[in-house]
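*Asks:* Below is the file target.pdb, which contains PDB, C-alpha atoms and all ligand atoms.
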```pdb
ATOM      1  CA  MET A 294       5.539 -29.731  -1.514
ATOM      2  CA  GLU A 295       3.101 -26.931  -2.274
ATOM      3  CA  THR A 296       4.848 -24.135  -4.107
ATOM      4  CA  PRO A 297       5.091 -21.044  -1.962
ATOM      5  CA  GLY A 298       4.750 -18.873  -5.080
ATOM      6  CA  ARG A 299       1.032 -18.691  -4.369
ATOM      7  CA  LEU A 300       0.492 -17.088  -1.024
ATOM      8  CA  LEU A 301      -2.837 -15.865  -2.357
ATOM      9  CA  PRO A 302      -5.325 -18.344  -3.853
ATOM     10  CA  PRO A 303      -5.734 -18.252  -7.671
ATOM     11  CA  HIS A 304      -9.193 -16.650  -7.443
ATOM     12  CA  PHE A 305      -7.885 -13.722  -5.364
ATOM     13  CA  TYR A 306      -6.986 -11.865  -8.546
ATOM     14  CA  ASP A 307      -9.324 -12.274 -11.491
ATOM     15  CA  MET A 308      -7.183 -11.627 -14.546
ATOM     16  CA  GLU A 309     -10.177 -11.181 -16.833
ATOM     17  CA  LYS A 310     -11.563  -8.427 -14.609
ATOM     18  CA  ILE A 311      -8.154  -6.818 -14.247
ATOM     19  CA  GLN A 312      -7.875  -6.674 -18.049
ATOM     20  CA  ARG A 313     -11.375  -5.196 -18.300
ATOM     21  CA  THR A 314     -10.582  -2.544 -15.685
ATOM     22  CA  ARG A 315      -7.371  -1.828 -17.565
ATOM     23  CA  ASP A 316      -9.398  -0.980 -20.670
ATOM     24  CA  GLU A 317     -12.449   0.570 -19.077
ATOM     25  CA  LEU A 318     -11.535   2.528 -15.948
ATOM     26  CA  GLU A 319     -12.215   6.216 -16.467
ATOM     27  CA  VAL A 320      -9.563   8.326 -14.831
ATOM     28  CA  GLY A 321     -10.107  11.954 -13.823
ATOM     29  CA  ASP A 322      -7.259  14.458 -13.947
ATOM     30  CA  GLN A 323      -7.727  15.088 -10.229
ATOM     31  CA  ASP A 324      -7.617  11.406  -9.213
ATOM     32  CA  VAL A 325      -4.703  10.170  -7.115
ATOM     33  CA  PHE A 326      -3.239   6.653  -7.223
ATOM     34  CA  ILE A 327      -1.053   5.037  -4.585
ATOM     35  CA  VAL A 328       0.850   2.110  -6.043
ATOM     36  CA  THR A 329       2.989  -0.361  -4.107
ATOM     37  CA  PHE A 330       4.263  -3.895  -4.052
ATOM     38  CA  PRO A 331       2.387  -5.579  -1.135
ATOM     39  CA  LYS A 332       3.648  -4.839   2.382
ATOM     40  CA  SER A 333       5.479  -1.686   1.337
ATOM     41  CA  GLY A 334       3.456   0.824   3.341
ATOM     42  CA  THR A 335       0.238   1.112   1.299
ATOM     43  CA  HIS A 336      -1.957   1.795   4.337
ATOM     44  CA  TRP A 337       0.503   4.353   5.653
ATOM     45  CA  MET A 338       0.554   6.342   2.420
ATOM     46  CA  VAL A 339      -3.248   6.208   2.119
ATOM     47  CA  GLU A 340      -3.503   7.522   5.677
ATOM     48  CA  ILE A 341      -1.084  10.361   4.939
ATOM     49  CA  VAL A 342      -2.856  11.376   1.726
ATOM     50  CA  SER A 343      -6.305  11.093   3.378
ATOM     51  CA  LEU A 344      -5.115  13.323   6.229
ATOM     52  CA  ILE A 345      -3.593  15.830   3.802
ATOM     53  CA  TYR A 346      -6.908  16.007   1.933
ATOM     54  CA  SER A 347      -8.757  16.578   5.200
ATOM     55  CA  LYS A 348      -6.193  19.166   6.335
ATOM     56  CA  GLY A 349      -5.085  17.095   9.298
ATOM     57  CA  ASP A 350      -8.621  16.489  10.589
ATOM     58  CA  PRO A 351      -8.714  12.785  11.588
ATOM     59  CA  THR A 352     -12.519  12.426  11.391
ATOM     60  CA  TRP A 353     -12.408  10.730   7.967
ATOM     61  CA  VAL A 354      -9.632   8.244   8.816
ATOM     62  CA  LYS A 355     -11.292   7.433  12.123
ATOM     63  CA  SER A 356     -14.671   6.744  10.569
ATOM     64  CA  SER A 357     -13.830   4.968   7.323
ATOM     65  CA  PRO A 358     -11.502   1.998   6.679
ATOM     66  CA  MET A 359      -8.792   2.386   4.081
ATOM     67  CA  TRP A 360     -10.538   0.190   1.509
ATOM     68  CA  LYS A 361     -13.502   2.586   1.522
ATOM     69  CA  ARG A 362     -11.370   5.722   1.287
ATOM     70  CA  SER A 363      -9.274   4.387  -1.550
ATOM     71  CA  ALA A 364     -10.684   1.954  -4.087
ATOM     72  CA  CYS A 365      -8.383  -0.881  -4.996
ATOM     73  CA  VAL A 366      -7.998  -0.956  -8.784
ATOM     74  CA  GLU A 367      -7.577  -4.723  -9.059
ATOM     75  CA  ILE A 368     -10.607  -5.527  -6.908
ATOM     76  CA  ASN A 369     -13.424  -5.043  -9.318
ATOM     77  CA  TYR A 370     -16.311  -4.076  -7.035
ATOM     78  CA  ALA A 371     -14.165  -1.286  -5.597
ATOM     79  CA  VAL A 372     -13.942   0.343  -8.987
ATOM     80  CA  GLU A 373     -17.717  -0.013  -9.364
ATOM     81  CA  MET A 374     -18.068   1.585  -5.943
ATOM     82  CA  VAL A 375     -16.271   4.759  -6.983
ATOM     83  CA  LYS A 376     -17.736   5.033 -10.456
ATOM     84  CA  ASP A 377     -20.150   7.791  -9.562
ATOM     85  CA  LYS A 378     -18.135   9.224  -6.699
ATOM     86  CA  ALA A 379     -17.169  12.877  -7.011
ATOM     87  CA  LYS A 380     -13.595  13.471  -8.138
ATOM     88  CA  PRO A 381     -10.877  13.631  -6.941
ATOM     89  CA  ARG A 382     -10.936   9.971  -6.037
ATOM     90  CA  LEU A 383      -8.230   8.080  -4.260
ATOM     91  CA  PHE A 384      -7.135   4.662  -5.544
ATOM     92  CA  THR A 385      -4.632   2.053  -4.424
ATOM     93  CA  SER A 386      -3.082  -0.681  -6.484
ATOM     94  CA  HIS A 387      -0.451  -3.405  -6.374
ATOM     95  CA  LEU A 388      -0.550  -3.851 -10.147
ATOM     96  CA  PRO A 389       2.583  -3.864 -12.270
ATOM     97  CA  ILE A 390       2.755  -1.165 -14.927
ATOM     98  CA  HIS A 391       1.748  -3.413 -17.844
ATOM     99  CA  LEU A 392      -1.602  -4.268 -16.199
ATOM    100  CA  PHE A 393      -2.397  -0.736 -15.034
ATOM    101  CA  PRO A 394      -5.499   1.102 -16.374
ATOM    102  CA  LYS A 395      -4.563   2.678 -19.695
ATOM    103  CA  ALA A 396      -6.460   5.904 -19.009
ATOM    104  CA  TYR A 397      -4.020   6.849 -16.249
ATOM    105  CA  PHE A 398      -1.226   7.309 -18.780
ATOM    106  CA  THR A 399      -3.176   9.797 -20.880
ATOM    107  CA  SER A 400      -4.627  11.689 -17.902
ATOM    108  CA  LYS A 401      -3.091  14.227 -15.538
ATOM    109  CA  ALA A 402      -3.931  12.038 -12.523
ATOM    110  CA  LYS A 403      -1.104  11.835 -10.018
ATOM    111  CA  MET A 404       0.555   8.731  -8.675
ATOM    112  CA  ILE A 405       2.673   8.081  -5.586
ATOM    113  CA  TYR A 406       4.698   4.894  -5.817
ATOM    114  CA  VAL A 407       5.993   3.575  -2.484
ATOM    115  CA  ALA A 408       8.913   1.132  -2.502
ATOM    116  CA  ARG A 409      10.269  -0.701   0.533
ATOM    117  CA  ASN A 410      13.444  -2.674   1.009
ATOM    118  CA  PRO A 411      12.867  -6.368   0.251
ATOM    119  CA  ARG A 412      14.092  -7.684   3.590
ATOM    120  CA  ASP A 413      11.340  -5.925   5.459
ATOM    121  CA  ILE A 414       8.754  -6.913   2.859
ATOM    122  CA  ILE A 415       9.731 -10.575   3.281
ATOM    123  CA  THR A 416       9.521 -10.325   7.078
ATOM    124  CA  SER A 417       6.181  -8.551   6.825
ATOM    125  CA  LEU A 418       4.877 -11.219   4.403
ATOM    126  CA  TYR A 419       6.140 -13.981   6.673
ATOM    127  CA  HIS A 420       3.955 -12.716   9.504
ATOM    128  CA  PHE A 421       1.080 -11.704   7.240
ATOM    129  CA  GLN A 422       0.600 -15.257   5.838
ATOM    130  CA  ARG A 423      -0.364 -16.450   9.325
ATOM    131  CA  GLN A 424      -3.509 -14.371   9.135
ATOM    132  CA  LEU A 425      -4.688 -15.656   5.759
ATOM    133  CA  PRO A 426      -7.495 -18.175   6.335
ATOM    134  CA  PHE A 427      -6.838 -19.862   2.973
ATOM    135  CA  CYS A 428      -3.176 -20.453   3.771
ATOM    136  CA  GLN A 429      -3.351 -24.151   4.688
ATOM    137  CA  THR A 430       0.369 -24.579   5.199
ATOM    138  CA  LEU A 431       2.448 -21.995   6.974
ATOM    139  CA  PHE A 432       5.556 -21.331   4.994
ATOM    140  CA  SER A 433       8.927 -21.187   6.653
ATOM    141  CA  PHE A 434      10.981 -18.025   6.395
ATOM    142  CA  GLU A 435      13.122 -19.696   3.694
ATOM    143  CA  GLN A 436       9.985 -20.620   1.720
ATOM    144  CA  ILE A 437       8.731 -17.064   1.955
ATOM    145  CA  ILE A 438      12.042 -15.880   0.512
ATOM    146  CA  GLU A 439      11.604 -18.457  -2.254
ATOM    147  CA  SER A 440       8.056 -17.238  -2.883
ATOM    148  CA  PHE A 441       9.251 -13.640  -2.973
ATOM    149  CA  LEU A 442      11.927 -14.500  -5.530
ATOM    150  CA  GLN A 443       9.440 -16.434  -7.686
ATOM    151  CA  GLY A 444       7.035 -13.535  -7.648
ATOM    152  CA  ASN A 445       3.260 -13.499  -7.543
ATOM    153  CA  PRO A 446       1.580 -14.986 -10.637
ATOM    154  CA  VAL A 447      -0.284 -11.721 -11.322
ATOM    155  CA  LEU A 448       1.797  -9.018  -9.674
ATOM    156  CA  GLY A 449       5.109 -10.466 -10.820
ATOM    157  CA  SER A 450       8.274 -10.112  -8.798
ATOM    158  CA  TRP A 451       9.321  -7.175  -6.632
ATOM    159  CA  PHE A 452      12.258  -6.610  -8.995
ATOM    160  CA  ASP A 453      10.081  -6.366 -12.110
ATOM    161  CA  HIS A 454       7.475  -4.280 -10.270
ATOM    162  CA  ILE A 455       9.977  -1.572  -9.413
ATOM    163  CA  LYS A 456      11.835  -1.859 -12.707
ATOM    164  CA  GLY A 457       8.547  -1.427 -14.563
ATOM    165  CA  TRP A 458       7.399   1.680 -12.691
ATOM    166  CA  LEU A 459      10.756   3.379 -12.211
ATOM    167  CA  PRO A 460      10.987   5.022 -15.655
ATOM    168  CA  MET A 461       7.839   7.012 -14.708
ATOM    169  CA  ARG A 462      10.081   9.015 -12.362
ATOM    170  CA  ASP A 463      10.730  11.426 -15.204
ATOM    171  CA  SER A 464       7.055  12.391 -15.253
ATOM    172  CA  GLU A 465       5.875  15.291 -13.100
ATOM    173  CA  LYS A 466       2.645  13.451 -12.261
ATOM    174  CA  PHE A 467       4.598  10.620 -10.633
ATOM    175  CA  LEU A 468       6.275  10.684  -7.229
ATOM    176  CA  PHE A 469       8.642   7.875  -6.309
ATOM    177  CA  PHE A 470       8.780   7.442  -2.564
ATOM    178  CA  THR A 471      10.302   4.929  -0.176
ATOM    179  CA  TYR A 472       9.005   3.533   3.102
ATOM    180  CA  GLU A 473      12.455   4.274   4.501
ATOM    181  CA  GLU A 474      12.101   7.993   3.676
ATOM    182  CA  LEU A 475       8.833   8.055   5.603
ATOM    183  CA  ILE A 476      10.508   6.401   8.589
ATOM    184  CA  GLN A 477      13.523   8.678   8.419
ATOM    185  CA  ASP A 478      11.736  12.016   8.249
ATOM    186  CA  LEU A 479       7.955  11.951   8.245
ATOM    187  CA  LYS A 480       7.633  15.749   8.353
ATOM    188  CA  ALA A 481       9.827  16.314   5.297
ATOM    189  CA  SER A 482       7.976  13.464   3.555
ATOM    190  CA  VAL A 483       4.552  14.957   4.292
ATOM    191  CA  GLU A 484       5.700  18.366   3.059
ATOM    192  CA  LYS A 485       7.003  16.790  -0.149
ATOM    193  CA  ILE A 486       3.702  14.961  -0.681
ATOM    194  CA  CYS A 487       1.721  18.182  -0.025
ATOM    195  CA  HIS A 488       3.835  19.975  -2.612
ATOM    196  CA  PHE A 489       3.340  17.151  -5.130
ATOM    197  CA  LEU A 490      -0.441  17.186  -4.600
ATOM    198  CA  GLY A 491      -0.595  20.971  -4.715
ATOM    199  CA  LYS A 492      -1.937  21.211  -1.158
ATOM    200  CA  GLU A 493      -0.957  23.998   1.195
ATOM    201  CA  LEU A 494      -1.294  23.097   4.854
ATOM    202  CA  SER A 495      -0.569  25.263   7.874
ATOM    203  CA  GLU A 496       2.061  24.188  10.429
ATOM    204  CA  GLU A 497      -0.761  23.168  12.751
ATOM    205  CA  GLU A 498      -2.433  21.063  10.067
ATOM    206  CA  ILE A 499       0.899  19.404   9.202
ATOM    207  CA  SER A 500       1.419  18.592  12.901
ATOM    208  CA  SER A 501      -1.966  16.920  12.991
ATOM    209  CA  VAL A 502      -1.124  14.850   9.875
ATOM    210  CA  LEU A 503       2.117  13.740  11.564
ATOM    211  CA  LYS A 504       0.384  12.831  14.791
ATOM    212  CA  ASN A 505      -2.443  10.915  13.154
ATOM    213  CA  ALA A 506      -0.186   9.075  10.672
ATOM    214  CA  SER A 507       2.213   7.986  13.421
ATOM    215  CA  PHE A 508       2.434   4.245  14.089
ATOM    216  CA  PRO A 509       0.718   4.204  17.530
ATOM    217  CA  VAL A 510      -2.125   6.516  16.534
ATOM    218  CA  MET A 511      -2.741   4.710  13.242
ATOM    219  CA  LYS A 512      -2.750   1.423  15.113
ATOM    220  CA  LYS A 513      -5.479   2.785  17.361
ATOM    221  CA  HIS A 514      -7.559   4.197  14.499
ATOM    222  CA  ILE A 515      -7.290   1.373  12.004
ATOM    223  CA  LEU A 516     -10.758   0.056  11.206
ATOM    224  CA  GLU A 517      -9.891  -2.809   8.883
ATOM    225  CA  ASN A 518     -10.884  -5.380  11.497
ATOM    226  CA  LYS A 519     -14.092  -3.735  12.576
ATOM    227  CA  GLU A 520     -15.147  -3.518   8.955
ATOM    228  CA  PRO A 521     -13.136  -6.080   6.954
ATOM    229  CA  MET A 522     -12.875  -5.648   3.216
ATOM    230  CA  PRO A 523     -15.503  -7.718   1.391
ATOM    231  CA  LEU A 524     -13.916 -10.026  -1.179
ATOM    232  CA  GLU A 525     -15.562 -11.914  -3.995
ATOM    233  CA  ASN A 526     -15.867 -15.709  -3.382
ATOM    234  CA  MET A 527     -14.293 -15.301   0.022
ATOM    235  CA  GLU A 528     -15.325 -14.726   3.593
ATOM    236  CA  PRO A 529     -13.958 -11.404   4.845
ATOM    237  CA  PHE A 530     -11.056 -12.022   7.204
ATOM    238  CA  LYS A 531      -9.295  -9.994   9.859
ATOM    239  CA  VAL A 532      -5.780  -8.771   9.300
ATOM    240  CA  LYS A 533      -3.154  -7.186  11.472
ATOM    241  CA  ILE A 534      -1.716  -4.457   9.285
ATOM    242  CA  MET A 535       0.162  -2.556  11.969
ATOM    243  CA  ARG A 536       2.770  -5.073  13.107
ATOM    244  CA  LYS A 537       6.097  -3.382  13.869
ATOM    245  CA  GLY A 538       6.552  -0.644  11.306
ATOM    246  CA  GLU A 539      10.327  -0.745  11.334
ATOM    247  CA  SER A 540      13.136  -0.697   8.833
ATOM    248  CA  VAL A 541      16.234  -2.888   8.754
ATOM    249  CA  VAL A 542      18.083  -0.318   6.717
ATOM    250  CA  SER A 543      20.868   0.695   9.041
ATOM    251  CA  GLY A 544      21.470   4.322   9.781
ATOM    252  CA  ILE A 545      17.791   5.184   9.502
ATOM    253  CA  GLY A 546      15.931   6.340  12.554
ATOM    254  CA  GLY A 547      16.721   5.793  16.200
ATOM    255  CA  SER A 548      15.384   2.537  17.570
ATOM    256  CA  ILE A 549      15.352   0.993  14.137
ATOM    257  CA  GLY A 550      18.170  -0.695  12.308
ATOM    258  CA  ARG A 551      17.582  -4.292  13.263
ATOM    259  CA  CYS A 552      19.968  -6.299  11.124
ATOM    260  CA  SER A 553      19.326  -9.926  11.996
ATOM    261  CA  THR A 554      19.081 -12.504   9.220
ATOM    262  CA  SER A 555      16.919 -14.822  11.291
ATOM    263  CA  PRO A 556      13.119 -14.441  11.233
ATOM    264  CA  PRO A 557      11.986 -11.946  13.841
ATOM    265  CA  ALA A 558       9.785 -13.382  16.585
ATOM    266  CA  SER A 559       6.628 -11.362  15.853
TER     267      SER A 559
HETATM  268  P1  LIG B 601       5.450  -4.539   9.166
HETATM  269  O1  LIG B 601       4.704  -5.803   8.890
HETATM  270  O2  LIG B 601       6.923  -4.639   8.872
HETATM  271  O3  LIG B 601       5.211  -4.004  10.556
HETATM  272  P2  LIG B 601       0.927  -2.492   3.598
HETATM  273  O4  LIG B 601       0.026  -1.415   4.074
HETATM  274  O5  LIG B 601       1.476  -2.248   2.222
HETATM  275  O6  LIG B 601       0.285  -3.842   3.733
HETATM  276  O7  LIG B 601       2.221  -2.476   4.526
HETATM  277  C1  LIG B 601       2.138  -2.896   5.860
HETATM  278  C2  LIG B 601       3.414  -2.507   6.561
HETATM  279  O8  LIG B 601       3.443  -1.071   6.757
HETATM  280  C3  LIG B 601       3.515  -3.144   7.952
HETATM  281  O9  LIG B 601       4.910  -3.421   8.164
HETATM  282  C4  LIG B 601       3.029  -1.997   8.848
HETATM  283  O10 LIG B 601       3.433  -2.102  10.195
HETATM  284  C5  LIG B 601       3.666  -0.793   8.135
HETATM  285  N1  LIG B 601       3.037   0.486   8.541
HETATM  286  C6  LIG B 601       1.749   0.845   8.414
HETATM  287  N2  LIG B 601       1.546   2.058   8.961
HETATM  288  C7  LIG B 601       2.733   2.471   9.451
HETATM  289  C8  LIG B 601       3.174   3.641  10.165
HETATM  290  N3  LIG B 601       2.331   4.624  10.502
HETATM  291  N4  LIG B 601       4.485   3.726  10.511
HETATM  292  C9  LIG B 601       5.353   2.739  10.189
HETATM  293  N5  LIG B 601       4.991   1.608   9.510
HETATM  294  C10 LIG B 601       3.694   1.463   9.158
END
```
The structure in this file should be written as structure tokens.
Ligand code: A3P

*Replies:*
Amino acid sequence: METPGRLLPPHFYDMEKIQRTRDELEVGDQDVFIVTFPKSGTHWMVEIVSLIYSKGDPTWVKSSPMWKRSACVEINYAVEMVKDKAKPRLFTSHLPIHLFPKAYFTSKAKMIYVARNPRDIITSLYHFQRQLPFCQTLFSFEQIIESFLQGNPVLGSWFDHIKGWLPMRDSEKFLFFTYEELIQDLKASVEKICHFLGKELSEEEISSVLKNASFPVMKKHILENKEPMPLENMEPFKVKIMRKGESVVSGIGGSIGRCSTSPPAS
């Protein structure tokens, strides 16, 4: 049987290019990086930071898909795309710490790391695989768990990803966040992120960030399918990013707290 360790085809991540970006990416002190293990709330955090930068005005998030607002470090053309862009620039990445651009560590650029509990990541991945055109065989829930435990050949495992980045918590340019914190109290989270980024927003502007980063509004705005991300050697494909946006962690939120061990229906 095909090993489920490779949800993404081998050419999805080009290790040679990742190594080159690691050595060559120039990082400005004002740049901001959002780093996550896949399916941990990357789009959500990019939306929040984009809205904070535009002081709650949704024009930018409504007119530009996430992949244009925030260049993905491991997708080479994205880095090319932002080369001459005025700083501060916004980046996203799923890379583990040992593959991350070296210049970040010597710069004052800030990073927000978002972690999510593994059960929800596995469920999210389980549904996400169905949208991947190169996924010939649909993996069962058990196989997805297996794949998760094996880890991605480039990104490594969830455990090593977090373990690698966690020591950065002692640095003032690094903010460790969880998806569950965002779910539990979005307002307090946004205020914390504003403080970290050195942005002062009025109550009205904060309210607009909250409204526009809420699940239903983001679902309406999201442009990833109107303008899918171009990928090297691959036809662009449509993805459903906004699926349920819930957390199994009990005690968090109101309608959330689903605690079933069987795969959720959709
Ligand atoms: P689910 O598949 O569990 O619904 P990423 O952006 O890293 O790929 O993560 C995608 C996950 O974040 C999806 O989880 C998606 O629904 C969730 N998400 C995105 N925006 C959200 C929001 N505004 N509120 C809650 N969850 C959100």

*Asks:* Taking the point (-0.8, -10.0, 12.2) as given in the file, collect each protein or nucleic acid residue that comes within 7 Å of it, counting all atoms listed in the file, and present the set as JSON, numbers by chain.

*Replies:* {"A": [420, 421, 424, 532, 533, 534, 536]}

*Asks:* Residues as selected, C-alpha atoms, written as a tab-separated table (two decimals), in the frame of the given file, can you do that?

*Replies:*
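Okay, this is what ended up in part_22.tsv:
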```tsv
chain	number	residue	atom	x	y	z
A	420	HIS	CA	3.96	-12.72	9.50
A	421	PHE	CA	1.08	-11.70	7.24
A	424	GLN	CA	-3.51	-14.37	9.14
A	532	VAL	CA	-5.78	-8.77	9.30
A	533	LYS	CA	-3.15	-7.19	11.47
A	534	ILE	CA	-1.72	-4.46	9.28
A	536	ARG	CA	2.77	-5.07	13.11
```

*Asks:* Give me, please, the distance in Å between CA of Leu318 in chain A and CA of Pro394 in chain A, quoted to one decimal.

*Replies:*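 It comes out at 6.2 Å.
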
*Asks:* Go through the chains and note each residue within 9 Å of ligand LIG 601 (chain B), using all atoms listed in the file, then give the set as number ranges by chain.

*Replies:* A: 329-341, 387, 407, 413-421, 472, 475-476, 505-512, 533-540

*Asks:* Please produce an output containing C-alpha atoms for each residue in the selection, written as a short mmCIF file (atom, residue, chain, number, x, y, z; two decimals), in the frame of the given file.

*Replies:*
```
data_model
loop_
_atom_site.label_atom_id
_atom_site.label_comp_id
_atom_site.auth_asym_id
_atom_site.auth_seq_id
_atom_site.Cartn_x
_atom_site.Cartn_y
_atom_site.Cartn_z
CA THR A 329 2.99 -0.36 -4.11
CA PHE A 330 4.26 -3.90 -4.05
CA PRO A 331 2.39 -5.58 -1.14
CA LYS A 332 3.65 -4.84 2.38
CA SER A 333 5.48 -1.69 1.34
CA GLY A 334 3.46 0.82 3.34
CA THR A 335 0.24 1.11 1.30
CA HIS A 336 -1.96 1.80 4.34
CA TRP A 337 0.50 4.35 5.65
CA MET A 338 0.55 6.34 2.42
CA VAL A 339 -3.25 6.21 2.12
CA GLU A 340 -3.50 7.52 5.68
CA ILE A 341 -1.08 10.36 4.94
CA HIS A 387 -0.45 -3.40 -6.37
CA VAL A 407 5.99 3.58 -2.48
CA ASP A 413 11.34 -5.92 5.46
CA ILE A 414 8.75 -6.91 2.86
CA ILE A 415 9.73 -10.58 3.28
CA THR A 416 9.52 -10.32 7.08
CA SER A 417 6.18 -8.55 6.82
CA LEU A 418 4.88 -11.22 4.40
CA TYR A 419 6.14 -13.98 6.67
CA HIS A 420 3.96 -12.72 9.50
CA PHE A 421 1.08 -11.70 7.24
CA TYR A 472 9.01 3.53 3.10
CA LEU A 475 8.83 8.06 5.60
CA ILE A 476 10.51 6.40 8.59
CA ASN A 505 -2.44 10.92 13.15
CA ALA A 506 -0.19 9.07 10.67
CA SER A 507 2.21 7.99 13.42
CA PHE A 508 2.43 4.24 14.09
CA PRO A 509 0.72 4.20 17.53
CA VAL A 510 -2.12 6.52 16.53
CA MET A 511 -2.74 4.71 13.24
CA LYS A 512 -2.75 1.42 15.11
CA LYS A 533 -3.15 -7.19 11.47
CA ILE A 534 -1.72 -4.46 9.28
CA MET A 535 0.16 -2.56 11.97
CA ARG A 536 2.77 -5.07 13.11
CA LYS A 537 6.10 -3.38 13.87
CA GLY A 538 6.55 -0.64 11.31
CA GLU A 539 10.33 -0.74 11.33
CA SER A 540 13.14 -0.70 8.83
#
```

*Asks:* Could you spell out the hits of the PyMOL selection byres (((chain A and resi 405) around 12) and not hetatm) on the shown file, as an MDAnalysis selection string?

*Replies:* chainID A and resid 324:329 334:335 338:339 341:342 383:387 402:404 406:408 458:459 461:462 464:472 482 485:487 489:490

*Asks:* Around (-6.0, 17.7, 7.5) in the file's own coordinates, what residues are found within 8 Å if you use all atoms listed in the file, given back as a list in words?

*Replies:*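 Protein and nucleic acid residues near the point are Ser343, Leu344, Ile345, Tyr346, Ser347, Lys348, Gly349, Asp350, Pro351, Leu494, Glu498, Ile499, Ser501 and Val502 of chain A.
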
*Asks:* Might you spell out which residues the PyMOL selection byres (((chain A and resi 356) around 12) and not hetatm) would select in the displayed file, as a PyMOL selection string?

*Replies:* chain A and resi 343+350-355+357-362+514-517+519-520
